[in-house]
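Asker: Quick one: the structure is below, questions incoming.
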Amino acid sequence: MHSSAKRNLKRFFQVYYKNDNEPNKVLDVLDFGSRNLNHNWSTCKSILKELNLNFNYTGADIVAGNNVDVIIKQPYQFEELSNNSFDVIIATSVFEHVEFFWLTYLEIIRVLKPNGIFYLNSPSNGDFHRWDLDCWRFYPDASIALVNWGNKNGNNSILLESFISKQYLECGWNDFVSIILKDKNYIKDYNQKIIHKHSEYLNGLDNNLKLHRFSNKTEDQLSFGWKVNYKIRKKLDKLLNKNK
């Protein structure tokens, strides 16, 4: 898990569960796409341990490997998992590799408990990295589309928040983060938001779909170096076009 993904996931657990009204609650956590290819990387499980949360952890992936407890044979039909089984489902750096992620989303919502939360972290930009495919990049409005798609298929979900986090440490990724509540009847249980406690993001949406820290530019485009390079490239393009 790269550094910004780790920071985002840690903040998620801190905001939504670390200081809630049930400090002794045991969380049933499903980590979808859990296979750990690098034993030195942080994982969802290691973050839960670091925060001293009480949890039952299930790592699920479509292939066997380190940190995998359940092999999902079909990514669009989780026959191995029962309805209403998990308090939290995590999918970090997964959906960009799933061809029909909207079908996977329906299965994730199915196996969540009614008051359960789906936490999604996928790239909004970054390197082309096939594993085995690299299909998608996401903006915050993708969260609205996912919720609307799920509700058209019989669910009663609501977006709690979504945002594009700023780059952090070793990589140039800007992560798309989406946090979705399975049944909006439980929304009163989730008053705290990451976007209200931290400022390292752009284009955040709350549960009322109000946009916070709007920018029509990416973080890279807002940097001084990018602006200078853009002006130079424009001048060079004009010169080249004149000579054609």
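Every chain in the structure tokens takes a letter, A first, then B, and so on in the order presented; its residues are numbered from 1, and the ligands are numbered from 1 following the presented order.
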Sort by chain and increasing residue number a table of all residues of stretch 72-161 of chain A within 12 Å of stretch 196-215 of chain A, each with its closest pair of atoms and their distance in Å to one decimal, counting only C-alpha atoms, and write it as a Markdown table.

Answerer:
```
| residue | atom | partner | partner_atom | distance |
| --- | --- | --- | --- | --- |
| A:Ser124 | CA | A:Leu202 | CA | 11.4 |
| A:Tyr139 | CA | A:Asn203 | CA | 8.7 |
| A:Pro140 | CA | A:Asn203 | CA | 6.9 |
| A:Asp141 | CA | A:Leu205 | CA | 8.3 |
| A:Ala142 | CA | A:Leu205 | CA | 10.9 |
| A:Ser143 | CA | A:Leu205 | CA | 9.0 |
| A:Ile144 | CA | A:Leu209 | CA | 8.3 |
| A:Ala145 | CA | A:Leu209 | CA | 12.0 |
| A:Val147 | CA | A:Asn207 | CA | 11.3 |
| A:Ser157 | CA | A:Asn207 | CA | 10.8 |
| A:Ile158 | CA | A:Asn207 | CA | 7.0 |
| A:Leu159 | CA | A:Asn207 | CA | 5.3 |
| A:Leu160 | CA | A:Asn207 | CA | 4.5 |
| A:Glu161 | CA | A:Asp206 | CA | 4.4 |
```

Asker: Can you write just those residues out, C-alpha atoms, as a short mmCIF file (atom, residue, chain, number, x, y, z; two decimals), in the first residue's frame?

Answerer:
```cif
data_model
loop_
_atom_site.label_atom_id
_atom_site.label_comp_id
_atom_site.auth_asym_id
_atom_site.auth_seq_id
_atom_site.Cartn_x
_atom_site.Cartn_y
_atom_site.Cartn_z
CA SER A 124 -7.36 9.54 -9.92
CA TYR A 139 -13.09 11.59 -9.98
CA PRO A 140 -15.29 12.30 -6.92
CA ASP A 141 -18.49 12.26 -8.99
CA ALA A 142 -17.81 8.57 -9.62
CA SER A 143 -19.04 8.10 -6.04
CA ILE A 144 -22.40 9.61 -6.95
CA ALA A 145 -22.62 7.34 -9.98
CA VAL A 147 -24.49 5.11 -5.28
CA SER A 157 -27.24 3.65 0.06
CA ILE A 158 -25.84 7.13 0.50
CA LEU A 159 -22.47 8.74 -0.04
CA LEU A 160 -20.88 9.85 3.22
CA GLU A 161 -17.95 11.62 1.57
#
```

Asker: List the neighbours of A:Asp69 out to 12 Å using only C-alpha atoms; skip same-chain residues closer than 6 positions along the sequence, and give me the result as a VMD selection string.

Answerer: chain A and resid 30 to 36 56 to 63 80 to 81

Asker: Selection from above, C-alpha atoms, as a PDB file, in the first residue's frame, can you write it?

Answerer:
```
ATOM      1  CA  LEU A  30     -13.369  -7.526   4.733  1.00  0.00           C
ATOM      2  CA  ASP A  31     -10.292  -6.436   2.783  1.00  0.00           C
ATOM      3  CA  PHE A  32     -11.161  -7.010  -0.883  1.00  0.00           C
ATOM      4  CA  GLY A  33      -8.021  -7.323  -2.984  1.00  0.00           C
ATOM      5  CA  SER A  34      -5.930  -8.148   0.073  1.00  0.00           C
ATOM      6  CA  ARG A  35      -3.005 -10.052  -1.447  1.00  0.00           C
ATOM      7  CA  ASN A  36       0.211  -8.436  -0.232  1.00  0.00           C
ATOM      8  CA  ASN A  56     -12.139  -9.765  12.901  1.00  0.00           C
ATOM      9  CA  TYR A  57     -10.260  -9.630   9.609  1.00  0.00           C
ATOM     10  CA  THR A  58     -10.953 -11.443   6.357  1.00  0.00           C
ATOM     11  CA  GLY A  59      -8.618 -10.929   3.425  1.00  0.00           C
ATOM     12  CA  ALA A  60     -10.194 -11.775   0.076  1.00  0.00           C
ATOM     13  CA  ASP A  61      -8.704 -11.859  -3.408  1.00  0.00           C
ATOM     14  CA  ILE A  62      -9.216 -13.621  -6.730  1.00  0.00           C
ATOM     15  CA  VAL A  63      -5.910 -15.469  -6.322  1.00  0.00           C
ATOM     16  CA  GLU A  80     -18.006 -17.498  -0.822  1.00  0.00           C
ATOM     17  CA  LEU A  81     -19.478 -14.622   1.244  1.00  0.00           C
TER      18      LEU A  81
END
```

Asker: As a PyMOL selection string, please: the residues near stretch 50-55 of chain A (cut-off 10 Å, only C-alpha atoms, same-chain neighbours under 4 positions excluded).

Answerer: chain A and resi 10+13-14+17-18+23-29+44-46+87

Asker: So that I have them on file, write out the residues from the current selection with N, CA and C atoms, as a PDB file, in the first residue's frame.

Answerer:
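The resulting file, out.pdb, is shown below:
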```
ATOM      1  N   LYS A  10      -5.804   5.047   7.228  1.00  0.00           N
ATOM      2  CA  LYS A  10      -5.627   5.273   8.667  1.00  0.00           C
ATOM      3  C   LYS A  10      -6.572   6.360   9.155  1.00  0.00           C
ATOM      4  N   PHE A  13     -10.229   5.013   9.511  1.00  0.00           N
ATOM      5  CA  PHE A  13     -10.502   4.276  10.742  1.00  0.00           C
ATOM      6  C   PHE A  13     -10.482   5.193  11.967  1.00  0.00           C
ATOM      7  N   GLN A  14      -9.592   6.167  11.975  1.00  0.00           N
ATOM      8  CA  GLN A  14      -9.536   7.096  13.105  1.00  0.00           C
ATOM      9  C   GLN A  14     -10.812   7.928  13.210  1.00  0.00           C
ATOM     10  N   TYR A  17     -14.182   5.163  13.376  1.00  0.00           N
ATOM     11  CA  TYR A  17     -14.308   4.088  14.356  1.00  0.00           C
ATOM     12  C   TYR A  17     -13.460   4.255  15.612  1.00  0.00           C
ATOM     13  N   LYS A  18     -12.327   4.947  15.515  1.00  0.00           N
ATOM     14  CA  LYS A  18     -11.427   5.003  16.670  1.00  0.00           C
ATOM     15  C   LYS A  18     -12.055   5.737  17.838  1.00  0.00           C
ATOM     16  N   PRO A  23     -16.276   1.976  21.924  1.00  0.00           N
ATOM     17  CA  PRO A  23     -14.829   1.717  21.812  1.00  0.00           C
ATOM     18  C   PRO A  23     -14.475   0.238  21.878  1.00  0.00           C
ATOM     19  N   ASN A  24     -15.336  -0.590  22.448  1.00  0.00           N
ATOM     20  CA  ASN A  24     -15.049  -2.022  22.564  1.00  0.00           C
ATOM     21  C   ASN A  24     -15.703  -2.849  21.462  1.00  0.00           C
ATOM     22  N   LYS A  25     -16.316  -2.173  20.514  1.00  0.00           N
ATOM     23  CA  LYS A  25     -16.966  -2.888  19.426  1.00  0.00           C
ATOM     24  C   LYS A  25     -15.937  -3.658  18.608  1.00  0.00           C
ATOM     25  N   VAL A  26     -16.293  -4.878  18.212  1.00  0.00           N
ATOM     26  CA  VAL A  26     -15.445  -5.683  17.345  1.00  0.00           C
ATOM     27  C   VAL A  26     -15.922  -5.507  15.911  1.00  0.00           C
ATOM     28  N   LEU A  27     -15.054  -4.988  15.062  1.00  0.00           N
ATOM     29  CA  LEU A  27     -15.395  -4.740  13.666  1.00  0.00           C
ATOM     30  C   LEU A  27     -15.139  -5.984  12.824  1.00  0.00           C
ATOM     31  N   ASP A  28     -16.129  -6.370  12.058  1.00  0.00           N
ATOM     32  CA  ASP A  28     -15.941  -7.420  11.067  1.00  0.00           C
ATOM     33  C   ASP A  28     -15.511  -6.739   9.769  1.00  0.00           C
ATOM     34  N   VAL A  29     -14.245  -6.944   9.391  1.00  0.00           N
ATOM     35  CA  VAL A  29     -13.642  -6.212   8.278  1.00  0.00           C
ATOM     36  C   VAL A  29     -13.313  -7.167   7.144  1.00  0.00           C
ATOM     37  N   CYS A  44      -4.172  -3.285   5.373  1.00  0.00           N
ATOM     38  CA  CYS A  44      -5.335  -2.929   6.188  1.00  0.00           C
ATOM     39  C   CYS A  44      -5.208  -3.540   7.581  1.00  0.00           C
ATOM     40  N   LYS A  45      -4.789  -4.780   7.633  1.00  0.00           N
ATOM     41  CA  LYS A  45      -4.660  -5.457   8.928  1.00  0.00           C
ATOM     42  C   LYS A  45      -3.625  -4.782   9.819  1.00  0.00           C
ATOM     43  N   SER A  46      -2.491  -4.391   9.243  1.00  0.00           N
ATOM     44  CA  SER A  46      -1.444  -3.750  10.057  1.00  0.00           C
ATOM     45  C   SER A  46      -1.906  -2.393  10.573  1.00  0.00           C
ATOM     46  N   ASP A  87     -19.010  -5.237   8.813  1.00  0.00           N
ATOM     47  CA  ASP A  87     -19.201  -3.836   9.209  1.00  0.00           C
ATOM     48  C   ASP A  87     -18.505  -2.891   8.246  1.00  0.00           C
TER      49      ASP A  87
END
```

Asker: Compile the contact shell of A:Val98 as a ChimeraX atom specification: residues with an atom at most 12 Å away, counting only C-alpha atoms, same-chain residues fewer than 6 positions apart removed.

Answerer: /A:32-33,61-62,74-76,91,104-105,122,130-137

Asker: Kindly save the residues from that selection, with N, CA and C atoms included, as a JSON list (two decimals), in the first residue's frame.

Answerer:
```
[["chain", "number", "residue", "atom", "x", "y", "z"],
["A", 32, "PHE", "N", -11.00, -6.44, 0.45],
["A", 32, "PHE", "CA", -11.16, -7.01, -0.88],
["A", 32, "PHE", "C", -9.97, -6.58, -1.75],
["A", 33, "GLY", "N", -9.28, -7.59, -2.29],
["A", 33, "GLY", "CA", -8.02, -7.32, -2.98],
["A", 33, "GLY", "C", -6.87, -7.26, -2.01],
["A", 61, "ASP", "N", -9.29, -12.21, -2.11],
["A", 61, "ASP", "CA", -8.70, -11.86, -3.41],
["A", 61, "ASP", "C", -9.11, -12.93, -4.42],
["A", 62, "ILE", "N", -8.84, -12.65, -5.69],
["A", 62, "ILE", "CA", -9.22, -13.62, -6.73],
["A", 62, "ILE", "C", -8.13, -14.67, -6.94],
["A", 74, "GLN", "N", -15.18, -15.66, -8.55],
["A", 74, "GLN", "CA", -15.84, -14.84, -9.55],
["A", 74, "GLN", "C", -15.99, -13.42, -9.00],
["A", 75, "PRO", "N", -15.26, -12.44, -9.57],
["A", 75, "PRO", "CA", -15.28, -11.08, -8.99],
["A", 75, "PRO", "C", -16.61, -10.37, -9.09],
["A", 76, "TYR", "N", -17.57, -10.94, -9.80],
["A", 76, "TYR", "CA", -18.89, -10.30, -9.94],
["A", 76, "TYR", "C", -19.99, -11.10, -9.23],
["A", 91, "ALA", "N", -11.53, -1.59, -0.17],
["A", 91, "ALA", "CA", -10.96, -1.93, -1.48],
["A", 91, "ALA", "C", -9.97, -0.83, -1.84],
["A", 104, "THR", "N", -18.95, -5.56, -9.34],
["A", 104, "THR", "CA", -18.27, -5.87, -8.08],
["A", 104, "THR", "C", -18.86, -5.03, -6.94],
["A", 105, "TYR", "N", -19.14, -3.77, -7.23],
["A", 105, "TYR", "CA", -19.73, -2.88, -6.22],
["A", 105, "TYR", "C", -21.03, -3.44, -5.67],
["A", 122, "SER", "N", -8.92, 4.38, -5.01],
["A", 122, "SER", "CA", -8.37, 4.05, -6.32],
["A", 122, "SER", "C", -7.71, 5.29, -6.90],
["A", 130, "ARG", "N", -0.47, -2.36, -15.18],
["A", 130, "ARG", "CA", -1.33, -3.49, -15.51],
["A", 130, "ARG", "C", -1.17, -4.59, -14.46],
["A", 131, "TRP", "N", -2.31, -5.04, -13.91],
["A", 131, "TRP", "CA", -2.24, -6.15, -12.94],
["A", 131, "TRP", "C", -3.57, -6.91, -12.92],
["A", 132, "ASP", "N", -3.97, -7.69, -13.79],
["A", 132, "ASP", "CA", -3.37, -7.86, -15.09],
["A", 132, "ASP", "C", -3.79, -6.76, -16.08],
["A", 133, "LEU", "N", -4.78, -5.98, -15.71],
["A", 133, "LEU", "CA", -5.27, -4.88, -16.52],
["A", 133, "LEU", "C", -5.24, -3.59, -15.70],
["A", 134, "ASP", "N", -5.20, -2.46, -16.39],
["A", 134, "ASP", "CA", -5.33, -1.16, -15.73],
["A", 134, "ASP", "C", -6.35, -0.37, -16.55],
["A", 135, "CYS", "N", -7.61, -0.34, -16.06],
["A", 135, "CYS", "CA", -8.73, 0.11, -16.89],
["A", 135, "CYS", "C", -9.24, 1.52, -16.57],
["A", 136, "TRP", "N", -9.12, 1.97, -15.32],
["A", 136, "TRP", "CA", -9.91, 3.12, -14.90],
["A", 136, "TRP", "C", -9.13, 4.10, -14.03],
["A", 137, "ARG", "N", -9.55, 5.39, -14.10],
["A", 137, "ARG", "CA", -9.19, 6.42, -13.13],
["A", 137, "ARG", "C", -10.49, 7.11, -12.70]]
```

Asker: To one decimal place in Å, what is the distance between atom CA of A:Ile180 and atom CA of A:Asn19?

Answerer: 19.1 Å

Asker: To one decimal in Å, tell me the separation between atom CA of A:Asn115 and atom CA of A:Lys73.

Answerer: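 Straight-line distance from atom CA of A:Asn115 to atom CA of A:Lys73 works out to 26.6 Å.
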
Asker: Go through A:Leu9, A:Leu106, A:Leu222, A:Ile179 one by one, measure the shortest atom-to-atom distance of each to A:Gln192 using only C-alpha atoms, and give the residue with the smallest value.

Answerer: A:Ile179

Asker: Could you check how far atom CA of A:Ser162 sits from atom CA of A:Val177, in Å to one decimal?

Answerer: 5.4 Å
